[in-house]
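Structure file data_7.tsv (TSV, C-alpha atoms) follows.
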```
chain	number	residue	atom	x	y	z
M	258	MET	CA	-24.12	121.13	183.27
M	259	ALA	CA	-20.75	119.80	182.20
M	260	GLY	CA	-19.83	123.28	180.92
M	261	LEU	CA	-20.35	125.03	184.28
M	262	VAL	CA	-17.32	125.51	186.50
M	263	PRO	CA	-18.02	124.48	190.10
M	264	PRO	CA	-18.25	127.62	192.28
M	265	GLY	CA	-15.61	126.42	194.76
M	266	THR	CA	-12.79	126.77	192.23
M	267	ALA	CA	-13.67	130.36	191.27
M	268	ILE	CA	-13.11	131.86	194.73
M	269	PRO	CA	-9.34	131.34	195.18
M	270	ALA	CA	-8.73	132.83	191.69
M	271	ASP	CA	-10.72	135.96	192.65
M	272	ALA	CA	-8.82	136.34	195.91
M	273	SER	CA	-5.47	136.22	194.13
M	274	LYS	CA	-6.73	138.76	191.57
M	275	THR	CA	-7.77	141.29	194.23
M	276	ALA	CA	-4.45	140.90	196.02
M	277	HIS	CA	-2.67	141.57	192.71
M	278	THR	CA	-4.69	144.69	191.92
M	279	LYS	CA	-4.05	146.11	195.40
M	280	ALA	CA	-0.32	145.74	194.78
M	281	ASP	CA	-0.76	147.42	191.38
M	282	GLU	CA	-2.49	150.43	192.89
M	283	LYS	CA	0.77	151.55	194.44
M	284	ILE	CA	2.44	152.62	191.23
M	285	ASP	CA	6.16	153.08	191.48
M	286	TYR	CA	6.75	156.24	189.46
M	287	MET	CA	10.48	155.71	189.60
M	288	ASN	CA	10.28	152.37	187.85
M	289	LEU	CA	8.08	152.91	184.84
M	290	PRO	CA	8.61	150.71	181.81
M	291	CYS	CA	10.39	151.99	178.72
M	292	PRO	CA	7.85	153.19	176.16
M	293	ILE	CA	7.45	152.09	172.56
M	294	PRO	CA	9.43	154.19	170.05
M	295	TYR	CA	7.51	157.24	168.79
M	296	GLU	CA	7.25	156.08	165.19
M	297	GLU	CA	5.82	152.73	166.27
M	298	ILE	CA	3.08	154.20	168.36
M	299	HIS	CA	0.36	152.89	166.06
M	300	ARG	CA	2.15	149.57	165.64
M	301	GLU	CA	-0.67	147.17	166.57
M	302	ALA	CA	-3.23	149.02	164.49
M	303	LEU	CA	-0.91	149.17	161.49
M	304	MET	CA	-0.12	145.48	161.72
M	305	SER	CA	-3.79	144.57	161.66
M	306	LEU	CA	-5.15	147.19	159.30
M	307	LYS	CA	-2.38	147.70	156.78
M	308	PRO	CA	-1.01	144.38	155.62
M	309	GLU	CA	1.42	144.55	152.70
M	310	THR	CA	-1.00	143.77	149.90
M	311	PHE	CA	0.49	143.22	146.49
M	312	GLU	CA	-0.72	142.37	143.02
M	313	GLY	CA	0.51	139.53	140.87
M	314	LEU	CA	2.94	136.79	141.67
M	315	ARG	CA	5.47	136.99	144.44
M	316	PHE	CA	8.14	134.46	145.21
M	317	ASP	CA	10.66	134.97	148.02
M	318	PHE	CA	13.49	132.64	148.75
M	319	THR	CA	15.72	133.24	151.75
M	320	LYS	CA	18.81	131.15	152.13
M	321	GLY	CA	20.60	131.27	155.44
M	322	LEU	CA	24.33	130.75	155.23
M	323	ASN	CA	24.90	131.05	158.92
M	324	GLN	CA	23.06	132.26	162.01
M	325	LYS	CA	23.66	135.88	161.16
M	326	PHE	CA	24.05	136.08	157.41
M	327	SER	CA	21.48	135.23	154.77
M	328	LEU	CA	20.84	135.93	151.11
M	329	SER	CA	17.43	136.48	149.64
M	330	HIS	CA	16.14	136.17	146.10
M	331	SER	CA	12.77	137.62	145.31
M	332	VAL	CA	10.73	137.65	142.10
M	333	LEU	CA	7.74	139.90	141.64
M	334	MET	CA	5.62	139.83	138.48
M	335	GLY	CA	2.62	142.02	138.31
M	336	PRO	CA	1.17	145.39	137.41
M	337	THR	CA	2.60	148.41	139.15
M	338	GLU	CA	0.59	151.56	139.50
M	339	LEU	CA	1.67	154.81	137.98
M	340	PRO	CA	0.63	158.04	139.61
M	341	SER	CA	-2.00	159.65	137.40
M	342	GLN	CA	-3.90	162.86	137.78
M	343	SER	CA	-7.10	161.79	136.12
M	344	GLY	CA	-8.25	159.69	139.06
M	345	GLU	CA	-8.11	156.49	137.02
M	346	THR	CA	-5.43	154.06	138.00
M	347	ILE	CA	-2.91	153.32	135.29
M	348	LYS	CA	-1.11	150.03	135.64
M	349	ILE	CA	1.87	148.79	133.74
M	350	PRO	CA	2.90	145.15	133.95
M	351	THR	CA	6.43	144.79	135.23
M	352	ALA	CA	8.59	141.98	136.44
M	353	HIS	CA	11.59	142.33	138.65
M	354	TYR	CA	14.08	140.29	140.49
M	355	GLU	CA	15.50	141.50	143.75
M	356	PHE	CA	18.69	140.26	145.32
M	357	GLY	CA	19.17	140.85	149.00
M	358	ALA	CA	21.84	140.32	151.60
M	359	ASN	CA	21.08	140.47	155.32
M	360	PHE	CA	23.47	140.49	158.19
M	361	ILE	CA	21.76	140.38	161.58
M	362	ASP	CA	23.84	140.59	164.71
M	363	PRO	CA	22.66	141.70	168.17
M	364	ASN	CA	24.58	144.97	167.72
M	365	LEU	CA	24.58	145.51	164.01
M	366	MET	CA	21.95	144.87	161.41
M	367	LEU	CA	22.60	145.44	157.70
M	368	ILE	CA	19.94	144.79	155.10
M	369	GLY	CA	20.47	145.55	151.43
M	370	ARG	CA	18.17	144.87	148.51
M	371	MET	CA	19.10	145.48	144.91
M	372	LEU	CA	16.52	145.44	142.11
M	373	THR	CA	17.05	144.75	138.43
M	374	ASP	CA	16.30	148.37	137.52
M	375	GLY	CA	19.21	149.57	139.60
M	376	ARG	CA	17.41	150.64	142.76
M	377	LEU	CA	19.01	149.93	146.10
M	378	ASN	CA	17.18	149.77	149.43
M	379	ALA	CA	19.61	149.83	152.30
M	380	ARG	CA	18.86	149.68	156.01
M	381	VAL	CA	21.44	149.86	158.76
M	382	LYS	CA	20.89	149.65	162.50
M	383	TRP	CA	23.90	149.96	164.73
M	384	ASP	CA	23.79	149.84	168.54
M	385	LEU	CA	26.73	151.95	169.56
M	386	THR	CA	26.07	151.44	173.27
M	387	ASP	CA	23.21	149.93	175.28
M	388	ASN	CA	21.22	153.12	174.97
M	389	LEU	CA	22.36	154.81	171.79
M	390	THR	CA	21.37	153.45	168.39
M	391	VAL	CA	22.04	154.78	164.92
M	392	LYS	CA	19.64	153.79	162.16
M	393	ALA	CA	19.90	154.67	158.50
M	394	ASN	CA	17.50	154.01	155.68
M	395	ALA	CA	18.28	154.80	152.05
M	396	GLN	CA	16.61	154.29	148.69
M	397	LEU	CA	19.07	155.02	145.93
M	398	THR	CA	18.19	155.08	142.26
M	399	ASN	CA	20.03	155.77	139.05
M	400	GLU	CA	17.74	158.64	138.20
M	401	PRO	CA	18.98	161.94	139.54
M	402	HIS	CA	17.06	163.59	142.37
M	403	MET	CA	14.98	160.50	143.13
M	404	SER	CA	17.08	159.11	145.95
M	405	HIS	CA	16.16	159.42	149.60
M	406	CYS	CA	18.13	158.85	152.74
M	407	MET	CA	17.25	159.20	156.41
M	408	VAL	CA	19.53	158.82	159.42
M	409	ASN	CA	18.16	158.51	162.96
M	410	PHE	CA	19.96	158.75	166.27
M	411	ASP	CA	17.97	157.16	169.09
M	412	TYR	CA	18.67	157.49	172.76
M	413	LYS	CA	16.81	155.19	175.13
M	414	GLY	CA	16.56	156.30	178.73
M	415	LYS	CA	15.05	154.48	181.71
M	416	ASP	CA	11.47	155.48	180.99
M	417	TYR	CA	11.80	157.68	177.93
M	418	ARG	CA	13.08	157.59	174.39
M	419	SER	CA	14.33	160.44	172.29
M	420	GLN	CA	15.22	160.49	168.63
M	421	PHE	CA	16.87	162.92	166.25
M	422	GLN	CA	16.60	162.39	162.53
M	423	MET	CA	18.16	163.94	159.45
M	424	GLY	CA	16.96	163.41	155.92
M	425	ASN	CA	18.40	164.13	152.54
M	426	ALA	CA	16.45	167.21	151.45
M	427	ALA	CA	17.48	169.16	154.56
M	428	LEU	CA	14.82	167.38	156.60
M	429	PHE	CA	15.33	167.47	160.34
M	430	GLY	CA	13.15	166.01	163.03
M	431	ALA	CA	13.22	165.24	166.71
M	432	SER	CA	10.84	163.27	168.87
M	433	TYR	CA	10.51	162.41	172.51
M	434	ILE	CA	8.24	159.94	174.30
M	435	GLN	CA	7.90	159.42	178.03
M	436	SER	CA	6.09	156.84	180.16
M	437	VAL	CA	3.78	158.71	182.49
M	438	THR	CA	2.12	155.75	184.19
M	439	PRO	CA	2.69	152.02	183.64
M	440	HIS	CA	-0.02	152.10	180.99
M	441	LEU	CA	0.15	155.58	179.52
M	442	SER	CA	2.92	157.18	177.52
M	443	LEU	CA	2.91	160.62	175.94
M	444	GLY	CA	5.23	162.09	173.38
M	445	GLY	CA	5.82	164.88	170.93
M	446	GLU	CA	7.77	165.59	167.79
M	447	VAL	CA	8.97	168.54	165.73
M	448	PHE	CA	10.20	168.50	162.17
M	449	TRP	CA	11.57	171.00	159.70
M	450	ALA	CA	11.66	170.46	155.96
M	451	GLY	CA	14.24	172.78	154.43
M	452	GLN	CA	13.32	172.37	150.80
M	453	HIS	CA	9.64	173.03	151.22
M	454	ARG	CA	10.21	175.53	154.01
M	455	LYS	CA	7.73	173.77	156.25
M	456	SER	CA	7.91	172.93	159.89
M	457	GLY	CA	5.51	171.11	162.14
M	458	VAL	CA	4.81	169.96	165.64
M	459	GLY	CA	2.94	166.85	166.68
M	460	TYR	CA	1.80	165.16	169.87
M	461	ALA	CA	0.88	161.56	170.52
M	462	GLY	CA	-0.37	159.46	173.37
M	463	ARG	CA	-0.69	155.74	173.88
M	464	TYR	CA	-2.65	153.87	176.51
M	465	GLU	CA	-2.18	150.17	176.67
M	466	THR	CA	-3.26	147.34	178.91
M	467	ASP	CA	-3.06	143.59	178.39
M	468	LYS	CA	-6.29	143.57	176.47
M	469	MET	CA	-6.31	146.76	174.48
M	470	VAL	CA	-4.22	149.53	173.02
M	471	ALA	CA	-5.56	153.00	172.29
M	472	THR	CA	-3.45	155.64	170.59
M	473	GLY	CA	-4.01	159.16	169.42
M	474	GLN	CA	-1.83	161.47	167.37
M	475	VAL	CA	-2.25	165.09	166.33
M	476	ALA	CA	0.08	167.04	164.05
M	477	SER	CA	0.20	170.62	162.90
M	478	THR	CA	0.10	169.42	159.27
M	479	GLY	CA	-3.57	168.92	159.98
M	480	MET	CA	-3.55	165.23	160.69
M	481	VAL	CA	-5.47	163.64	163.52
M	482	ALA	CA	-5.13	159.87	163.84
M	483	LEU	CA	-6.82	157.74	166.46
M	484	SER	CA	-6.70	153.99	166.74
M	485	TYR	CA	-7.99	151.32	169.03
M	486	VAL	CA	-7.02	147.66	169.09
M	487	GLN	CA	-8.78	145.14	171.29
M	488	LYS	CA	-7.28	141.75	171.89
M	489	VAL	CA	-10.41	139.66	172.13
M	490	SER	CA	-8.53	136.43	172.71
M	491	GLU	CA	-5.07	135.04	172.09
M	492	LYS	CA	-5.96	134.25	168.54
M	493	VAL	CA	-8.23	137.13	167.60
M	494	SER	CA	-7.76	140.85	167.74
M	495	LEU	CA	-9.93	143.58	166.32
M	496	ALA	CA	-8.69	147.00	165.33
M	497	THR	CA	-10.19	150.26	164.26
M	498	ASP	CA	-8.60	153.40	162.95
M	499	PHE	CA	-9.76	156.95	162.28
M	500	MET	CA	-7.79	159.48	160.29
M	501	TYR	CA	-8.89	163.05	159.79
M	502	ASN	CA	-7.08	165.87	158.07
M	503	TYR	CA	-8.55	169.17	159.15
M	504	MET	CA	-6.76	171.11	156.41
M	505	SER	CA	-8.00	169.05	153.50
M	506	ARG	CA	-11.18	167.81	155.19
M	507	ASP	CA	-10.33	164.21	154.40
M	508	VAL	CA	-11.74	161.50	156.64
M	509	THR	CA	-10.98	157.80	156.60
M	510	ALA	CA	-12.17	155.25	159.08
M	511	SER	CA	-11.39	151.57	158.92
M	512	VAL	CA	-12.23	148.48	160.88
M	513	GLY	CA	-10.27	145.26	160.69
M	514	TYR	CA	-9.54	141.93	162.27
M	515	ASP	CA	-6.48	139.83	162.76
M	516	TYR	CA	-6.73	136.09	163.36
M	517	ILE	CA	-3.48	134.47	164.40
M	518	LEU	CA	-4.08	130.75	164.16
M	519	ARG	CA	-1.65	127.89	164.50
M	520	GLN	CA	-0.98	127.39	160.80
M	521	SER	CA	-2.13	130.66	159.33
M	522	ARG	CA	-2.66	134.32	159.85
M	523	LEU	CA	-5.63	136.08	158.33
M	524	ARG	CA	-6.07	139.85	158.32
M	525	GLY	CA	-8.94	141.73	156.81
M	526	LYS	CA	-10.22	145.26	156.82
M	527	ILE	CA	-12.92	147.45	155.42
M	528	ASP	CA	-12.60	151.16	154.87
M	529	SER	CA	-14.95	154.11	154.71
M	530	ASN	CA	-13.69	154.73	151.15
M	531	GLY	CA	-15.31	151.48	150.12
M	532	CYS	CA	-12.03	149.60	150.03
M	533	THR	CA	-11.84	146.04	151.37
M	534	ALA	CA	-8.60	144.17	151.81
M	535	ALA	CA	-7.61	140.75	153.05
M	536	TYR	CA	-4.27	139.05	153.52
M	537	LEU	CA	-3.73	135.38	154.27
M	538	GLU	CA	-0.44	133.73	155.18
M	539	GLU	CA	-0.67	129.98	155.42
M	540	ARG	CA	2.14	127.82	156.67
M	541	LEU	CA	2.21	124.81	154.42
M	542	ASN	CA	5.30	123.24	155.89
M	543	MET	CA	8.33	124.21	157.92
M	544	GLY	CA	9.73	127.26	156.17
M	545	LEU	CA	7.17	127.23	153.35
M	546	ASN	CA	4.49	129.89	153.43
M	547	PHE	CA	1.71	130.52	150.97
M	548	ILE	CA	0.37	134.06	150.70
M	549	LEU	CA	-2.88	135.34	149.23
M	550	SER	CA	-3.63	139.02	149.05
M	551	ALA	CA	-6.71	140.87	147.83
M	552	GLU	CA	-7.68	144.52	147.76
M	553	ILE	CA	-10.95	145.66	146.21
M	554	ASP	CA	-11.74	149.33	145.78
M	555	HIS	CA	-15.19	149.80	144.32
M	556	LYS	CA	-14.97	153.57	144.22
M	557	LYS	CA	-11.84	153.68	142.08
M	558	ASN	CA	-12.63	150.42	140.26
M	559	ASP	CA	-9.27	149.06	141.29
M	560	TYR	CA	-9.03	145.32	141.96
M	561	LYS	CA	-5.80	143.81	143.12
M	562	PHE	CA	-5.29	140.11	143.66
M	563	GLY	CA	-2.00	138.53	144.42
M	564	PHE	CA	-0.58	135.19	145.36
M	565	GLY	CA	2.84	134.14	146.43
M	566	LEU	CA	5.13	131.68	148.05
M	567	THR	CA	7.81	132.35	150.66
M	568	VAL	CA	10.54	129.84	151.23
M	569	GLY	CA	12.88	130.09	154.17
Y	16	MET	CA	8.69	197.30	132.66
Y	17	ALA	CA	9.28	194.01	134.41
Y	18	SER	CA	11.60	192.75	131.65
Y	19	ARG	CA	13.67	195.97	131.79
Y	20	VAL	CA	14.11	195.59	135.54
Y	21	SER	CA	15.21	191.96	135.24
Y	22	LEU	CA	17.76	192.78	132.50
Y	23	LYS	CA	19.25	195.51	134.67
Y	24	SER	CA	19.63	193.19	137.67
Y	25	ARG	CA	21.23	190.49	135.50
Y	26	GLY	CA	23.77	193.01	134.25
Y	27	LYS	CA	24.68	193.99	137.81
Y	28	GLU	CA	25.15	190.38	138.86
Y	29	GLY	CA	27.45	189.71	135.86
Y	30	LYS	CA	29.67	192.67	136.76
Y	31	GLY	CA	29.76	191.60	140.38
Y	32	SER	CA	31.02	188.06	139.71
Y	33	LYS	CA	33.71	189.32	137.29
Y	34	GLY	CA	34.85	191.83	139.85
Y	35	SER	CA	35.45	189.47	142.77
Y	36	ASP	CA	37.18	186.20	141.91
Y	37	GLU	CA	37.24	184.91	145.45
Y	38	LYS	CA	34.50	182.52	146.38
Y	39	SER	CA	33.10	182.89	149.85
Y	40	THR	CA	33.79	180.09	152.32
Y	41	ALA	CA	30.11	179.27	152.51
Y	42	GLN	CA	29.98	178.63	148.77
Y	43	CYS	CA	33.16	176.55	148.97
Y	44	LEU	CA	31.68	174.50	151.75
Y	45	LYS	CA	28.43	173.98	149.84
Y	46	GLU	CA	30.21	172.85	146.69
Y	47	TRP	CA	32.44	170.54	148.71
Y	48	SER	CA	29.57	168.98	150.59
Y	49	THR	CA	27.58	168.48	147.37
Y	50	TRP	CA	30.61	166.78	145.78
Y	51	THR	CA	31.04	164.55	148.87
Y	52	MET	CA	27.37	163.64	148.91
Y	53	LYS	CA	27.42	162.69	145.24
Y	54	LYS	CA	30.50	160.51	145.68
Y	55	ALA	CA	29.06	158.94	148.82
Y	56	LYS	CA	25.87	158.13	146.96
Y	57	VAL	CA	27.73	156.38	144.16
Y	58	ILE	CA	29.93	154.49	146.64
Y	59	THR	CA	26.92	153.36	148.66
Y	60	HIS	CA	25.00	152.39	145.55
Y	61	TYR	CA	27.74	150.10	144.27
Y	62	GLY	CA	29.38	149.10	147.51
Y	63	PHE	CA	26.67	148.46	150.09
Y	64	ILE	CA	25.70	144.96	149.05
Y	65	PRO	CA	29.34	143.83	148.59
Y	66	LEU	CA	30.04	145.27	152.05
Y	67	VAL	CA	27.24	143.23	153.61
Y	68	ILE	CA	28.46	140.11	151.81
Y	69	ILE	CA	32.05	140.64	152.98
Y	70	ILE	CA	30.96	141.18	156.58
Y	71	GLY	CA	28.68	138.14	156.40
Y	72	MET	CA	31.26	135.81	154.86
Y	73	ASN	CA	33.74	136.77	157.58
Y	74	SER	CA	31.40	136.27	160.53
Y	75	ASP	CA	31.69	133.03	162.48
Y	76	PRO	CA	30.90	130.20	161.74
Y	77	LYS	CA	32.54	131.19	158.47
Y	78	PRO	CA	30.42	130.06	155.51
Y	79	GLN	CA	32.17	128.48	152.51
Y	80	LEU	CA	32.12	129.89	148.99
Y	81	TYR	CA	30.14	126.96	147.59
Y	82	GLN	CA	27.39	127.68	150.10
Y	83	PHE	CA	27.24	131.23	148.83
Y	84	LEU	CA	27.02	130.24	145.17
Y	85	SER	CA	24.72	127.23	145.26
Y	86	PRO	CA	20.98	127.83	145.01
Y	87	VAL	CA	19.97	125.18	147.56
```

Show the structure stored in the file as structure tokens.
Amino acid sequence: MAGLVPPGTAIPADASKTAHTKADEKIDYMNLPCPIPYEEIHREALMSLKPETFEGLRFDFTKGLNQKFSLSHSVLMGPTELPSQSGETIKIPTAHYEFGANFIDPNLMLIGRMLTDGRLNARVKWDLTDNLTVKANAQLTNEPHMSHCMVNFDYKGKDYRSQFQMGNAALFGASYIQSVTPHLSLGGEVFWAGQHRKSGVGYAGRYETDKMVATGQVASTGMVALSYVQKVSEKVSLATDFMYNYMSRDVTASVGYDYILRQSRLRGKIDSNGCTAAYLEERLNMGLNFILSAEIDHKKNDYKFGFGLTVG
Amino acid sequence: MASRVSLKSRGKEGKGSKGSDEKSTAQCLKEWSTWTMKKAKVITHYGFIPLVIIIGMNSDPKPQLYQFLSPV
């Protein structure tokens, strides 16, 4: 009896809800919200279903020198996989240290990471004006022909976003996404890869409300990707993902959960390939996070367990 | 038969390049842009992190050198 809400209190809440939905029915098509960028269309599903699992020990230390500038030191000791054709996974134990410098300003963001084997990961994001942004992403190595670079020019309009990108092996792409209703946005992309002489077209749509996000993407490379994320409560959200390649007849479906609790965040997923993964981030203290990561693939007999600590 | 054909075409190409010493502008442009890309790659590889550090150390409030070097 104590759990039941008295009926008198429910009625004013309902009345305010119906008044709100009547106002919502008159959609102002001239004032639609700006949509999510095209490459982040599956953002919620990716956050829940693809946590950054790792194997071995990971230690990250970020030292802030000022509000905008910080240095990061990162140590990673563990097996890294080598691509092998036999279907068995070949792992070689490696250890590396990564030094990073980050400069984060409202208009300019520069992130650079340098590894002990000479690889550099650089990311630049520069807001030239309120609407135009230039982003660049580069991975440079000492080995010839193994470096990649991608530059994007983004233009954000009132209820649309457009992007043009250029990559290092004569890779060009353009994408456009438009808000059609306050909940639905549709977009498309084209790309041309000069070196492989391939071009492709893709379309994507995203429907979101307060409680759920559903996205779908089709590309002429044969990929169909659908995802659905339901926010069950403030702390819990469930996600599911379906990827189908109609050229290679490859299907993967996965289901996962994401618990965002006060002191920790736990994400887990299970795949149709028999792969289970889980990722736990626990806040031990202010600025001190403990991370546990596990990925078990029974089909490939690949077991990855990792633990780490993040400071700062 | 195939090898004879390929030898003949190689011979023709050799004569052609000896005959005209001028490079076309498209080739010039390609060689130039490849040279620029290679230099830009080396400059970015060595200079990006120092650039970020210089920009960061000159932003306000200006951090001191000891803050940069100490591990705490």

Counting all atoms listed in the file, which residues of chain M fall within 10 Å of chain Y, and what is the closest atom pair for each with its distance in Å at one decimal, ordered by chain and rising number, as a Markdown table?
```
| residue | atom | partner | partner_atom | distance |
| --- | --- | --- | --- | --- |
| M:Phe318 | CA | Y:Pro86 | CA | 9.7 |
| M:Lys320 | CA | Y:Val87 | CA | 7.6 |
| M:Gly321 | CA | Y:Gln82 | CA | 9.4 |
| M:Leu322 | CA | Y:Pro78 | CA | 6.1 |
| M:Asn323 | CA | Y:Pro78 | CA | 6.6 |
| M:Gln324 | CA | Y:Pro76 | CA | 8.1 |
| M:Lys325 | CA | Y:Gly71 | CA | 7.3 |
| M:Phe326 | CA | Y:Gly71 | CA | 5.2 |
| M:Ser327 | CA | Y:Gly71 | CA | 7.9 |
| M:Leu328 | CA | Y:Phe83 | CA | 8.3 |
| M:His330 | CA | Y:Pro86 | CA | 9.7 |
| M:Phe356 | CA | Y:Ile64 | CA | 9.2 |
| M:Gly357 | CA | Y:Ile64 | CA | 7.7 |
| M:Ala358 | CA | Y:Val67 | CA | 6.5 |
| M:Asn359 | CA | Y:Val67 | CA | 7.0 |
| M:Phe360 | CA | Y:Gly71 | CA | 6.0 |
| M:Ile361 | CA | Y:Gly71 | CA | 8.9 |
| M:Asp362 | CA | Y:Ser74 | CA | 9.7 |
| M:Met366 | CA | Y:Val67 | CA | 9.6 |
| M:Leu367 | CA | Y:Val67 | CA | 6.6 |
| M:Ile368 | CA | Y:Val67 | CA | 7.6 |
| M:Gly369 | CA | Y:Ile64 | CA | 5.8 |
| M:Arg370 | CA | Y:Ile64 | CA | 7.5 |
| M:Met371 | CA | Y:Ile64 | CA | 7.8 |
| M:Gly375 | CA | Y:His60 | CA | 8.8 |
| M:Arg376 | CA | Y:His60 | CA | 8.3 |
| M:Leu377 | CA | Y:His60 | CA | 6.5 |
| M:Asn378 | CA | Y:His60 | CA | 9.1 |
| M:Ala379 | CA | Y:Phe63 | CA | 7.5 |
| M:Arg380 | CA | Y:Phe63 | CA | 9.9 |
| M:Ala395 | CA | Y:Thr59 | CA | 9.4 |
| M:Gln396 | CA | Y:His60 | CA | 9.2 |
| M:Leu397 | CA | Y:His60 | CA | 6.5 |
| M:Thr398 | CA | Y:His60 | CA | 8.0 |
| M:Asn399 | CA | Y:His60 | CA | 8.9 |
| M:Ser404 | CA | Y:Lys56 | CA | 8.9 |
| M:Cys406 | CA | Y:Lys56 | CA | 9.7 |
| M:Asn425 | CA | Y:Met52 | CA | 9.7 |
```

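Relative to CA of Gln420 in chain M, CA of Thr478 in chain M is found at 19.9 Å.
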
ask   = In Å to one decimal, how far is CA of Arg463 in chain M from CA of Ser442 in chain M?
value = 5.3 Å

Neighbour list for Met543 in chain M as a VMD selection string, cut-off 12 Å, all atoms listed in the file, skip fewer than 6 positions in-chain = chain M and resid 520 567 to 569

Residues within 9 Å of Arg519 in chain M, all atoms listed in the file, excluding chain neighbours under 3 positions, as a tab-separated table (two decimals) with C-alpha atoms, in the frame of the given file:
```
chain	number	residue	atom	x	y	z
M	492	LYS	CA	-5.96	134.25	168.54
M	522	ARG	CA	-2.66	134.32	159.85
M	540	ARG	CA	2.14	127.82	156.67
```
